[in-house]
file coords.txt (compact mmCIF, C-alpha atoms and all ligand atoms)
# COMPACT_ATOMS: atom_id res chain seq x y z
CA MET A 190 -72.66 -25.77 8.94
CA GLU A 191 -75.03 -26.63 11.78
CA SER A 192 -78.77 -26.54 11.10
CA ILE A 193 -81.11 -24.36 13.17
CA GLN A 194 -84.21 -25.81 14.79
CA SER A 195 -87.21 -23.49 14.57
CA HIS A 196 -90.81 -24.20 15.69
CA THR A 197 -91.65 -27.24 13.65
CA TYR A 198 -88.94 -27.18 11.02
CA GLU A 199 -85.22 -26.79 10.51
CA VAL A 200 -83.21 -24.26 8.59
CA HIS A 201 -80.37 -26.04 6.77
CA LEU A 202 -77.45 -24.28 5.18
CA GLU A 203 -75.12 -25.18 2.31
CA GLU A 204 -74.25 -28.90 1.93
CA LEU A 205 -76.58 -29.93 4.74
CA ALA A 206 -79.39 -28.19 2.88
CA GLU A 207 -78.76 -30.32 -0.20
CA ALA A 208 -78.74 -33.54 1.80
CA ALA A 209 -81.79 -32.55 3.87
CA LEU A 210 -83.93 -31.79 0.82
CA LYS A 211 -82.98 -35.02 -0.99
CA GLN A 212 -83.74 -37.04 2.13
CA HIS A 213 -87.01 -35.23 2.81
CA ILE A 214 -88.31 -35.72 -0.72
CA ALA A 215 -87.23 -39.38 -0.75
CA LYS A 216 -89.05 -40.18 2.47
CA SER A 217 -92.15 -38.08 1.82
CA ASP A 218 -94.89 -39.35 -0.35
CA TYR A 219 -95.50 -36.22 -2.46
CA SER A 220 -97.86 -36.65 -5.37
CA LYS A 221 -96.29 -33.71 -7.22
CA VAL A 222 -93.41 -31.30 -6.65
CA PHE A 223 -93.91 -27.77 -7.96
CA VAL A 224 -91.41 -24.91 -7.98
CA LEU A 225 -92.33 -21.22 -7.87
CA VAL A 226 -89.84 -18.73 -9.34
CA ASP A 227 -89.80 -15.18 -10.70
CA GLU A 228 -87.98 -14.11 -13.87
CA ASN A 229 -84.76 -13.43 -11.96
CA THR A 230 -84.65 -16.56 -9.85
CA LYS A 231 -85.67 -18.61 -12.90
CA LYS A 232 -82.63 -17.30 -14.72
CA HIS A 233 -80.08 -17.24 -11.89
CA CYS A 234 -81.15 -19.74 -9.26
CA LEU A 235 -83.32 -22.45 -10.84
CA PRO A 236 -80.54 -24.02 -12.98
CA ILE A 237 -78.21 -24.20 -9.96
CA PHE A 238 -80.99 -25.55 -7.79
CA LEU A 239 -81.99 -28.30 -10.24
CA LYS A 240 -78.39 -29.30 -10.91
CA LYS A 241 -77.41 -29.30 -7.25
CA LEU A 242 -80.30 -31.48 -6.21
CA GLY A 243 -80.67 -33.67 -9.25
CA LEU A 244 -84.34 -33.37 -8.44
CA GLU A 245 -87.24 -34.32 -10.67
CA VAL A 246 -89.84 -31.58 -10.44
CA ASP A 247 -93.25 -31.83 -12.03
CA ALA A 248 -93.68 -28.21 -13.10
CA VAL A 249 -92.22 -24.75 -12.60
CA PHE A 250 -94.36 -21.61 -12.46
CA GLU A 251 -92.99 -18.11 -12.99
CA ILE A 252 -94.49 -15.01 -11.43
CA LYS A 253 -93.39 -11.42 -12.00
CA SER A 254 -90.86 -10.06 -9.51
CA GLY A 255 -91.52 -6.98 -7.39
CA GLU A 256 -93.59 -5.89 -4.41
CA GLU A 257 -96.28 -4.58 -6.81
CA HIS A 258 -97.03 -8.20 -7.77
CA LYS A 259 -97.33 -9.41 -4.18
CA ASN A 260 -101.11 -9.50 -4.33
CA ILE A 261 -104.16 -11.75 -4.61
CA SER A 262 -104.20 -11.70 -8.45
CA THR A 263 -100.75 -13.27 -8.49
CA CYS A 264 -101.95 -15.81 -5.91
CA SER A 265 -104.92 -16.67 -8.17
CA MET A 266 -102.56 -17.40 -11.03
CA VAL A 267 -100.51 -19.74 -8.85
CA TRP A 268 -103.62 -21.46 -7.42
CA GLU A 269 -104.87 -22.01 -11.00
CA PHE A 270 -101.50 -23.32 -12.09
CA LEU A 271 -101.48 -25.83 -9.22
CA SER A 272 -105.03 -26.85 -9.94
CA ASN A 273 -104.49 -27.22 -13.72
CA ASN A 274 -101.38 -29.30 -13.17
CA GLY A 275 -102.92 -31.92 -10.92
CA GLY A 276 -101.98 -30.36 -7.58
CA ASP A 277 -103.67 -32.14 -4.70
CA ARG A 278 -103.41 -32.19 -0.92
CA LYS A 279 -100.23 -34.25 -1.10
CA SER A 280 -98.39 -31.85 -3.40
CA LEU A 281 -95.34 -29.83 -2.40
CA LEU A 282 -94.57 -26.24 -3.40
CA ILE A 283 -90.92 -25.14 -3.35
CA ASN A 284 -90.61 -21.34 -3.19
CA LEU A 285 -87.35 -20.23 -4.80
CA GLY A 286 -86.93 -16.49 -4.45
CA GLY A 287 -86.71 -13.39 -2.29
CA GLY A 288 -89.09 -12.37 0.48
CA VAL A 289 -91.85 -11.34 -1.93
CA LEU A 290 -91.92 -14.79 -3.48
CA THR A 291 -91.53 -16.81 -0.26
CA ASP A 292 -94.25 -14.75 1.49
CA LEU A 293 -96.63 -15.17 -1.46
CA GLY A 294 -95.75 -18.81 -2.16
CA GLY A 295 -96.14 -19.67 1.53
CA PHE A 296 -99.60 -18.11 1.52
CA VAL A 297 -100.63 -19.87 -1.70
CA ALA A 298 -99.51 -23.23 -0.29
CA SER A 299 -101.18 -22.58 3.07
CA THR A 300 -104.53 -21.96 1.41
CA PHE A 301 -104.53 -24.27 -1.65
CA LYS A 302 -106.80 -27.25 -0.87
CA ARG A 303 -106.81 -25.97 2.74
CA GLY A 304 -103.06 -26.27 2.94
CA ILE A 305 -100.27 -28.18 1.22
CA GLY A 306 -96.63 -28.49 2.26
CA PHE A 307 -94.09 -25.89 1.20
CA ILE A 308 -90.35 -25.43 1.41
CA ASN A 309 -88.74 -22.01 1.26
CA ILE A 310 -85.42 -21.44 -0.46
CA PRO A 311 -84.67 -17.75 0.11
CA THR A 312 -82.41 -16.26 -2.55
CA THR A 313 -81.84 -12.71 -1.25
CA LEU A 314 -79.85 -11.79 1.85
CA LEU A 315 -82.92 -10.18 3.45
CA SER A 316 -85.06 -13.25 2.94
CA MET A 317 -82.30 -15.54 4.23
CA VAL A 318 -81.73 -13.64 7.48
CA ASP A 319 -85.24 -12.36 8.11
CA ALA A 320 -88.10 -13.97 6.17
CA SER A 321 -86.73 -17.48 6.81
CA ILE A 322 -88.00 -17.45 10.41
CA GLY A 323 -91.37 -16.71 11.98
CA GLY A 324 -93.86 -18.37 9.61
CA LYS A 325 -95.35 -15.12 8.31
CA THR A 326 -96.90 -15.65 4.89
CA GLY A 327 -99.09 -13.30 2.91
CA VAL A 328 -99.64 -10.56 0.37
CA ASP A 329 -100.36 -6.85 0.17
CA LEU A 330 -103.79 -5.23 -0.14
CA GLY A 331 -103.33 -2.29 -2.51
CA VAL A 332 -100.61 -0.13 -1.00
CA LEU A 333 -101.04 -1.66 2.44
CA LYS A 334 -98.28 -4.17 3.05
CA ASN A 335 -98.86 -7.72 4.30
CA GLN A 336 -102.54 -7.18 5.12
CA ILE A 337 -103.72 -10.60 4.00
CA GLY A 338 -102.01 -13.70 5.25
CA VAL A 339 -101.62 -16.49 7.72
CA ILE A 340 -98.92 -17.70 10.07
CA ASN A 341 -97.89 -21.12 8.87
CA GLN A 342 -94.54 -22.86 9.03
CA PRO A 343 -92.74 -24.32 6.02
CA GLU A 344 -91.58 -27.94 6.06
CA MET A 345 -88.01 -26.70 5.92
CA VAL A 346 -85.95 -23.70 4.87
CA LEU A 347 -82.81 -24.18 2.79
CA VAL A 348 -80.15 -21.48 2.61
CA PHE A 349 -77.54 -21.47 -0.14
CA PRO A 350 -75.40 -18.31 0.21
CA GLU A 351 -74.00 -18.92 -3.28
CA PHE A 352 -77.27 -17.61 -4.74
CA LEU A 353 -76.20 -14.17 -3.54
CA LYS A 354 -73.50 -13.99 -6.24
CA THR A 355 -76.06 -12.77 -8.77
CA LEU A 356 -78.01 -10.50 -6.41
CA ALA A 357 -77.63 -6.74 -7.01
CA GLU A 358 -75.21 -5.08 -4.57
CA ARG A 359 -77.93 -2.67 -3.43
CA GLN A 360 -80.16 -5.60 -2.44
CA ILE A 361 -77.29 -7.22 -0.56
CA VAL A 362 -76.53 -4.08 1.42
CA SER A 363 -80.24 -3.80 2.25
CA GLY A 364 -80.18 -7.28 3.81
CA TYR A 365 -77.00 -6.39 5.67
CA ALA A 366 -78.95 -3.71 7.58
CA GLU A 367 -81.12 -6.45 9.15
CA MET A 368 -77.99 -8.38 10.10
CA LEU A 369 -76.55 -5.30 11.80
CA LYS A 370 -79.85 -4.95 13.63
CA HIS A 371 -79.50 -8.48 14.98
CA GLY A 372 -76.14 -7.53 16.48
CA LEU A 373 -77.45 -4.26 17.89
CA ILE A 374 -80.43 -5.81 19.67
CA LYS A 375 -78.89 -9.04 20.91
CA ASP A 376 -75.17 -9.54 20.50
CA GLU A 377 -72.44 -6.91 20.74
CA GLU A 378 -69.71 -9.35 19.70
CA TYR A 379 -71.60 -10.16 16.51
CA TRP A 380 -72.12 -6.44 15.81
CA LYS A 381 -68.36 -5.82 16.20
CA ALA A 382 -67.57 -8.77 13.93
CA LEU A 383 -69.99 -7.54 11.26
CA ILE A 384 -68.74 -3.95 11.19
CA SER A 385 -65.14 -5.09 10.84
CA MET A 386 -65.84 -7.46 7.91
CA ASP A 387 -65.51 -6.77 4.18
CA SER A 388 -68.04 -9.35 3.05
CA TYR A 389 -71.74 -9.11 3.75
CA THR A 390 -72.50 -12.61 2.59
CA ASP A 391 -70.39 -14.74 4.90
CA ALA A 392 -72.26 -18.00 5.56
CA ALA A 393 -71.36 -18.04 9.26
CA CYS A 394 -72.82 -14.54 9.69
CA ILE A 395 -75.99 -15.50 7.82
CA GLN A 396 -76.32 -18.49 10.15
CA LYS A 397 -75.71 -16.29 13.21
CA SER A 398 -78.40 -13.82 12.15
CA ILE A 399 -80.92 -16.60 11.52
CA ALA A 400 -80.09 -18.06 14.94
CA ILE A 401 -80.61 -14.70 16.69
CA LYS A 402 -84.00 -14.13 15.04
CA ASN A 403 -84.96 -17.74 15.76
CA ASP A 404 -84.09 -17.45 19.45
CA VAL A 405 -86.21 -14.34 19.80
CA VAL A 406 -89.18 -15.79 17.88
CA LEU A 407 -89.11 -19.08 19.79
CA GLN A 408 -89.17 -17.24 23.11
CA ASP A 409 -92.13 -15.13 22.03
CA PRO A 410 -94.08 -16.91 19.28
CA THR A 411 -97.19 -14.72 19.57
CA GLU A 412 -95.43 -11.33 19.53
CA GLN A 413 -96.44 -10.37 23.06
CA GLY A 414 -93.10 -9.12 24.38
CA LEU A 415 -89.51 -9.93 23.46
CA ARG A 416 -90.22 -10.27 19.75
CA LYS A 417 -90.83 -6.53 19.60
CA ILE A 418 -87.05 -6.02 19.81
CA LEU A 419 -86.90 -7.10 16.17
CA ASN A 420 -88.57 -3.77 15.40
CA PHE A 421 -85.53 -1.71 16.39
CA GLY A 422 -85.08 0.95 13.70
CA HIS A 423 -88.39 -0.02 12.11
CA THR A 424 -90.73 2.52 13.73
CA LEU A 425 -89.03 5.53 12.16
CA GLY A 426 -87.70 3.37 9.31
CA HIS A 427 -91.20 2.34 8.16
CA ALA A 428 -92.47 5.91 8.38
CA ILE A 429 -89.53 7.10 6.24
CA GLU A 430 -90.07 4.24 3.77
CA SER A 431 -93.78 5.11 3.38
CA TYR A 432 -93.05 8.83 3.14
CA CYS A 433 -90.56 8.28 0.32
CA LEU A 434 -92.98 5.95 -1.49
CA GLU A 435 -95.73 8.57 -1.42
CA ASN A 436 -93.47 11.43 -2.58
CA PRO A 437 -92.19 11.09 -6.14
CA ASP A 438 -89.50 13.72 -5.54
CA LYS A 439 -87.95 11.55 -2.81
CA PRO A 440 -85.71 8.58 -3.54
CA THR A 441 -87.35 5.16 -3.35
CA LEU A 442 -85.72 3.34 -0.49
CA LEU A 443 -85.25 -0.39 -0.12
CA HIS A 444 -86.43 -1.71 3.23
CA GLY A 445 -82.90 -2.08 4.62
CA GLU A 446 -81.97 1.43 3.51
CA ALA A 447 -84.93 2.90 5.37
CA ILE A 448 -84.30 0.96 8.58
CA ALA A 449 -80.61 1.90 8.46
CA ILE A 450 -81.72 5.54 8.82
CA GLY A 451 -84.26 4.42 11.42
CA MET A 452 -81.53 2.74 13.45
CA ILE A 453 -79.37 5.89 13.55
CA LEU A 454 -82.38 7.97 14.60
CA GLU A 455 -83.53 5.45 17.18
CA GLY A 456 -79.91 5.13 18.32
CA TYR A 457 -80.03 8.86 19.08
CA LEU A 458 -83.29 8.41 21.02
CA SER A 459 -81.62 5.53 22.89
CA HIS A 460 -78.79 7.86 23.88
CA GLU A 461 -81.21 10.53 25.07
CA LEU A 462 -83.61 8.25 26.92
CA LYS A 463 -81.98 4.93 27.75
CA GLY A 464 -78.34 5.68 28.43
CA LEU A 465 -76.76 4.34 25.20
CA SER A 466 -73.25 5.81 25.38
CA ARG A 467 -72.18 8.63 23.07
CA LEU A 468 -69.38 6.41 21.81
CA SER A 469 -71.74 3.58 20.86
CA LEU A 470 -74.11 6.04 19.22
CA GLN A 471 -71.26 7.45 17.15
CA GLU A 472 -70.15 3.91 16.21
CA ILE A 473 -73.69 3.07 15.03
CA LYS A 474 -73.90 6.21 12.91
CA THR A 475 -70.44 5.80 11.36
CA SER A 476 -71.01 2.12 10.62
CA PHE A 477 -74.31 2.70 8.83
CA LEU A 478 -73.13 5.74 6.92
CA ALA A 479 -70.15 3.72 5.65
CA HIS A 480 -72.62 1.60 3.67
CA PHE A 481 -75.79 3.65 3.24
CA LYS A 482 -75.95 6.95 1.36
CA PRO A 483 -77.13 9.75 3.66
CA MET A 484 -80.46 11.44 2.93
CA THR A 485 -81.53 14.97 3.72
CA PHE A 486 -84.82 15.88 5.38
CA THR A 487 -86.51 19.29 5.37
CA PRO A 488 -88.50 20.40 8.46
CA GLU A 489 -91.68 19.66 6.43
CA ASP A 490 -90.42 16.12 5.67
CA ILE A 491 -89.77 15.54 9.36
CA ALA A 492 -93.19 16.86 10.38
CA THR A 493 -94.96 14.53 7.90
CA ILE A 494 -92.84 11.54 8.95
CA VAL A 495 -93.75 12.17 12.60
CA GLU A 496 -97.44 12.31 11.60
CA LEU A 497 -97.04 8.98 9.78
CA LEU A 498 -95.53 7.47 12.92
CA LYS A 499 -98.82 7.94 14.67
CA TYR A 500 -100.44 5.51 12.22
CA ASP A 501 -97.80 2.83 12.68
CA LYS A 502 -99.46 -0.44 13.62
CA LYS A 503 -97.16 -0.97 16.58
CA ASN A 504 -98.51 2.04 18.42
CA SER A 505 -101.35 1.51 20.80
CA HIS A 506 -103.65 4.12 22.38
CA GLY A 507 -102.02 6.96 20.43
CA ASP A 508 -98.61 6.61 22.10
CA ILE A 509 -95.62 6.13 19.87
CA ASN A 510 -93.83 3.12 21.28
CA PHE A 511 -90.21 2.45 20.46
CA VAL A 512 -87.65 -0.28 20.91
CA LEU A 513 -84.49 1.42 22.11
CA LEU A 514 -81.01 0.32 23.16
CA GLN A 515 -79.52 0.60 26.64
CA ALA A 516 -76.25 -0.55 25.13
CA ILE A 517 -75.19 -2.34 21.97
CA GLY A 518 -76.67 -5.85 22.32
CA LYS A 519 -79.25 -4.81 24.91
CA ALA A 520 -82.66 -3.66 23.69
CA VAL A 521 -85.67 -2.45 25.70
CA THR A 522 -89.25 -2.33 24.44
CA ASP A 523 -92.28 -0.05 24.90
CA VAL A 524 -90.44 3.22 25.37
CA THR A 525 -92.58 6.32 24.86
CA VAL A 526 -90.64 9.12 23.18
CA PRO A 527 -91.51 12.79 23.73
CA GLU A 528 -92.30 14.40 20.38
CA HIS A 529 -89.71 17.19 20.68
CA LEU A 530 -86.88 14.63 20.43
CA PHE A 531 -87.66 13.66 16.84
CA ALA A 532 -86.35 16.88 15.29
CA LYS A 533 -83.20 16.54 17.42
CA ALA A 534 -82.71 12.96 16.22
CA PHE A 535 -82.94 14.05 12.57
CA ALA A 536 -80.52 16.93 13.29
CA TYR A 537 -78.04 14.42 14.76
CA TYR A 538 -78.45 12.15 11.70
CA GLU A 539 -77.63 15.01 9.35
CA GLU A 540 -74.86 16.72 11.35
N1 LIG A 601 -92.05 -13.24 6.19
C1 LIG A 601 -91.26 -12.45 6.86
O1 LIG A 601 -91.02 -12.63 8.07
C2 LIG A 601 -90.60 -11.32 6.16
C3 LIG A 601 -89.50 -10.68 6.73
C4 LIG A 601 -88.89 -9.65 6.02
C5 LIG A 601 -89.37 -9.27 4.79
N2 LIG A 601 -90.45 -9.90 4.26
C6 LIG A 601 -90.98 -9.50 2.95
O2 LIG A 601 -89.95 -9.69 2.01
C7 LIG A 601 -90.15 -8.80 0.92
C8 LIG A 601 -88.82 -8.22 0.54
O3 LIG A 601 -87.98 -9.28 0.19
P1 LIG A 601 -86.59 -9.11 -0.55
O4 LIG A 601 -85.83 -8.00 0.04
O5 LIG A 601 -86.00 -10.45 -0.61
O6 LIG A 601 -87.02 -8.57 -1.99
P2 LIG A 601 -87.61 -9.29 -3.29
O7 LIG A 601 -88.22 -10.58 -2.97
O8 LIG A 601 -88.44 -8.26 -3.96
O9 LIG A 601 -86.29 -9.54 -4.16
C9 LIG A 601 -85.54 -8.45 -4.65
C10 LIG A 601 -85.18 -8.62 -6.12
O10 LIG A 601 -84.11 -9.55 -6.23
C11 LIG A 601 -84.43 -10.52 -7.23
N3 LIG A 601 -83.70 -11.73 -6.86
C12 LIG A 601 -84.00 -12.58 -5.86
N4 LIG A 601 -83.00 -13.47 -5.69
C13 LIG A 601 -82.08 -13.19 -6.63
C14 LIG A 601 -80.81 -13.74 -6.95
N5 LIG A 601 -80.28 -14.75 -6.22
N6 LIG A 601 -80.09 -13.20 -7.97
C15 LIG A 601 -80.60 -12.14 -8.67
N7 LIG A 601 -81.79 -11.56 -8.40
C16 LIG A 601 -82.51 -12.08 -7.39
C17 LIG A 601 -85.93 -10.62 -7.20
O11 LIG A 601 -86.43 -11.15 -8.40
C18 LIG A 601 -86.30 -9.16 -7.00
O12 LIG A 601 -86.25 -8.48 -8.22
C19 LIG A 601 -91.18 -7.80 1.36
O13 LIG A 601 -92.39 -8.06 0.70
C20 LIG A 601 -91.34 -8.05 2.86
O14 LIG A 601 -92.66 -7.80 3.30
C21 LIG A 601 -91.06 -10.92 4.92

call {"tool": "encode", "arguments": {"input": "coords.txt", "output": "structure tokens", "more": "lines below"}}
Ligand SMILES: NC(=O)c1ccc[n+]([C@@H]2O[C@H](COP(=O)([O-])OP(=O)(O)OC[C@H]3O[C@@H](n4cnc5c(N)ncnc54)[C@H](O)[C@@H]3O)[C@@H](O)[C@H]2O)c1
result
Amino acid sequence: MESIQSHTYEVHLEELAEAALKQHIAKSDYSKVFVLVDENTKKHCLPIFLKKLGLEVDAVFEIKSGEEHKNISTCSMVWEFLSNNGGDRKSLLINLGGGVLTDLGGFVASTFKRGIGFINIPTTLLSMVDASIGGKTGVDLGVLKNQIGVINQPEMVLVFPEFLKTLAERQIVSGYAEMLKHGLIKDEEYWKALISMDSYTDAACIQKSIAIKNDVVLQDPTEQGLRKILNFGHTLGHAIESYCLENPDKPTLLHGEAIAIGMILEGYLSHELKGLSRLSLQEIKTSFLAHFKPMTFTPEDIATIVELLKYDKKNSHGDINFVLLQAIGKAVTDVTVPEHLFAKAFAYYEE
């Protein structure tokens, strides 16, 4: 399966990934090779990884899984581990895990001794199709997500879809939402292929999604224009995600589950404001609801979510800016939405 060239590194999949890593380690002069895992990837992925690559690693460090551990105290533990185990500027850190671990491990590597090399091996669907591209590394600051970090590219990213066999179904479906987004914003044919498939973890689809994100990021590395299209579904999705987090009586949503709702709502806004056809809108709604359990929203919920929107970091000068669709595969950015449409969008979602 063909590799994908990103900024300064390649994303290799399956057998090519194995070969690329062996070659890279053989030709590089690393003083030490460290692997970062959490309790789940240590159990499910590390044995496969070590066997597959027949690689000698110097030490493995385990952190606790979960967004609540994506913080500076966890980073300190990893920095100390590297330091106590002879890590120097020529060491390599291999991050074996989901997006929490690759974001944190990338940040630790980028800052240890002013920066050592790192390789990301994403083990969740979301981290394969999303976090593998763009060079965003970092951690949370209290409840505020991804506040501390740097943009820095890994030496390579290796994708082994077989790791997904042990991933919880709910996590897989959450990653699938990002893949559907890639079709919606950039490629109608890919969208149609995805919605007619039974498997979410097809290697060719994972590759396609990575390629779509990569194309967008390469065309707009500093997030000035085109890259905003990756936020389709995220403006309302993030607000819903935060609202549910702050309200114990609401279900806790995974990221993909929240943006799935966001994409239906923003699909409705696209129909109202940008000419997305009724048929396409209906197809978007039906396709998401086939995989994601519907939620109900009271008028008070909706009012609070709309308030939260106003604090979203993508909004400038008080306007709420959206990415909307003119058609499936064709996204437009910087659309201002009149406030009265939000309640109508939620009504459409629930009808
Ligand atoms: N850098 C980026 O561009 C980017 C993009 C998207 C998301 N993110 C970040 O990614 C994070 C979310 O990542 P995620 O959805 O991968 O969640 P996650 O990293 O929390 O992983 C989800 C759970 O799955 C477990 N797990 C991982 N791989 C497994 C496997 N193969 N088998 C069994 N269990 C496994 C983990 O231990 C964890 O419990 C967020 O912090 C988000 O900010 C970053």

call {"tool": "residues_near_ligand", "arguments": {"input": "coords.txt", "ligand": "ligand LIG 601 (chain A)", "cutoff": "7 Å", "atoms": "only C-alpha atoms and all ligand atoms", "output": "PyMOL selection string"}}
result
chain A and resi 227-230+233-234+254-256+286-290+292+312-316+319-326+334-335+352-357+360+364

call {"tool": "closest_residue", "arguments": {"input": "coords.txt", "among": "A:Glu446, A:Asp218, A:Asp277, A:Glu455", "to": "Val524 in chain A", "atoms": "all atoms listed in the file"}}
result
A:Glu455

call {"tool": "closest_residue", "arguments": {"input": "coords.txt", "among": "A:Val200, A:Leu225, A:Ala206, A:Met266", "to": "Lys241 in chain A", "atoms": "all atoms listed in the file"}}
result
A:Ala206

call {"tool": "closest_residue", "arguments": {"input": "coords.txt", "among": "A:Thr485, A:Thr522, A:Ala447, A:Asp329", "to": "Leu434 in chain A", "atoms": "all atoms listed in the file"}}
result
A:Ala447

call {"tool": "atom_distance", "arguments": {"input": "coords.txt", "atom1": "CA of Lys221 in chain A", "atom2": "CA of His258 in chain A"}}
result
25.5 Å

call {"tool": "residues_around", "arguments": {"input": "coords.txt", "residues": "range 372-384 of chain A", "least_positions_apart": "5", "cutoff": "7 Å", "atoms": "only C-alpha atoms", "output": "count of residues only"}}
result
6

call {"tool": "residues_near_point", "arguments": {"input": "coords.txt", "point": "(-98.9, -33.9, -4.7)", "cutoff": "10 Å", "atoms": "all atoms listed in the file", "output": "list in words"}}
result
Asp218, Tyr219, Ser220, Lys221, Val222, Phe223, Asp247, Leu271, Asn274, Gly275, Gly276, Asp277, Arg278, Lys279, Ser280, Leu281, Leu282, Ile305 and Gly306 of chain A

call {"tool": "atom_distance", "arguments": {"input": "coords.txt", "atom1": "CA of Ala516 in chain A", "atom2": "CA of Ile361 in chain A"}}
result
26.6 Å
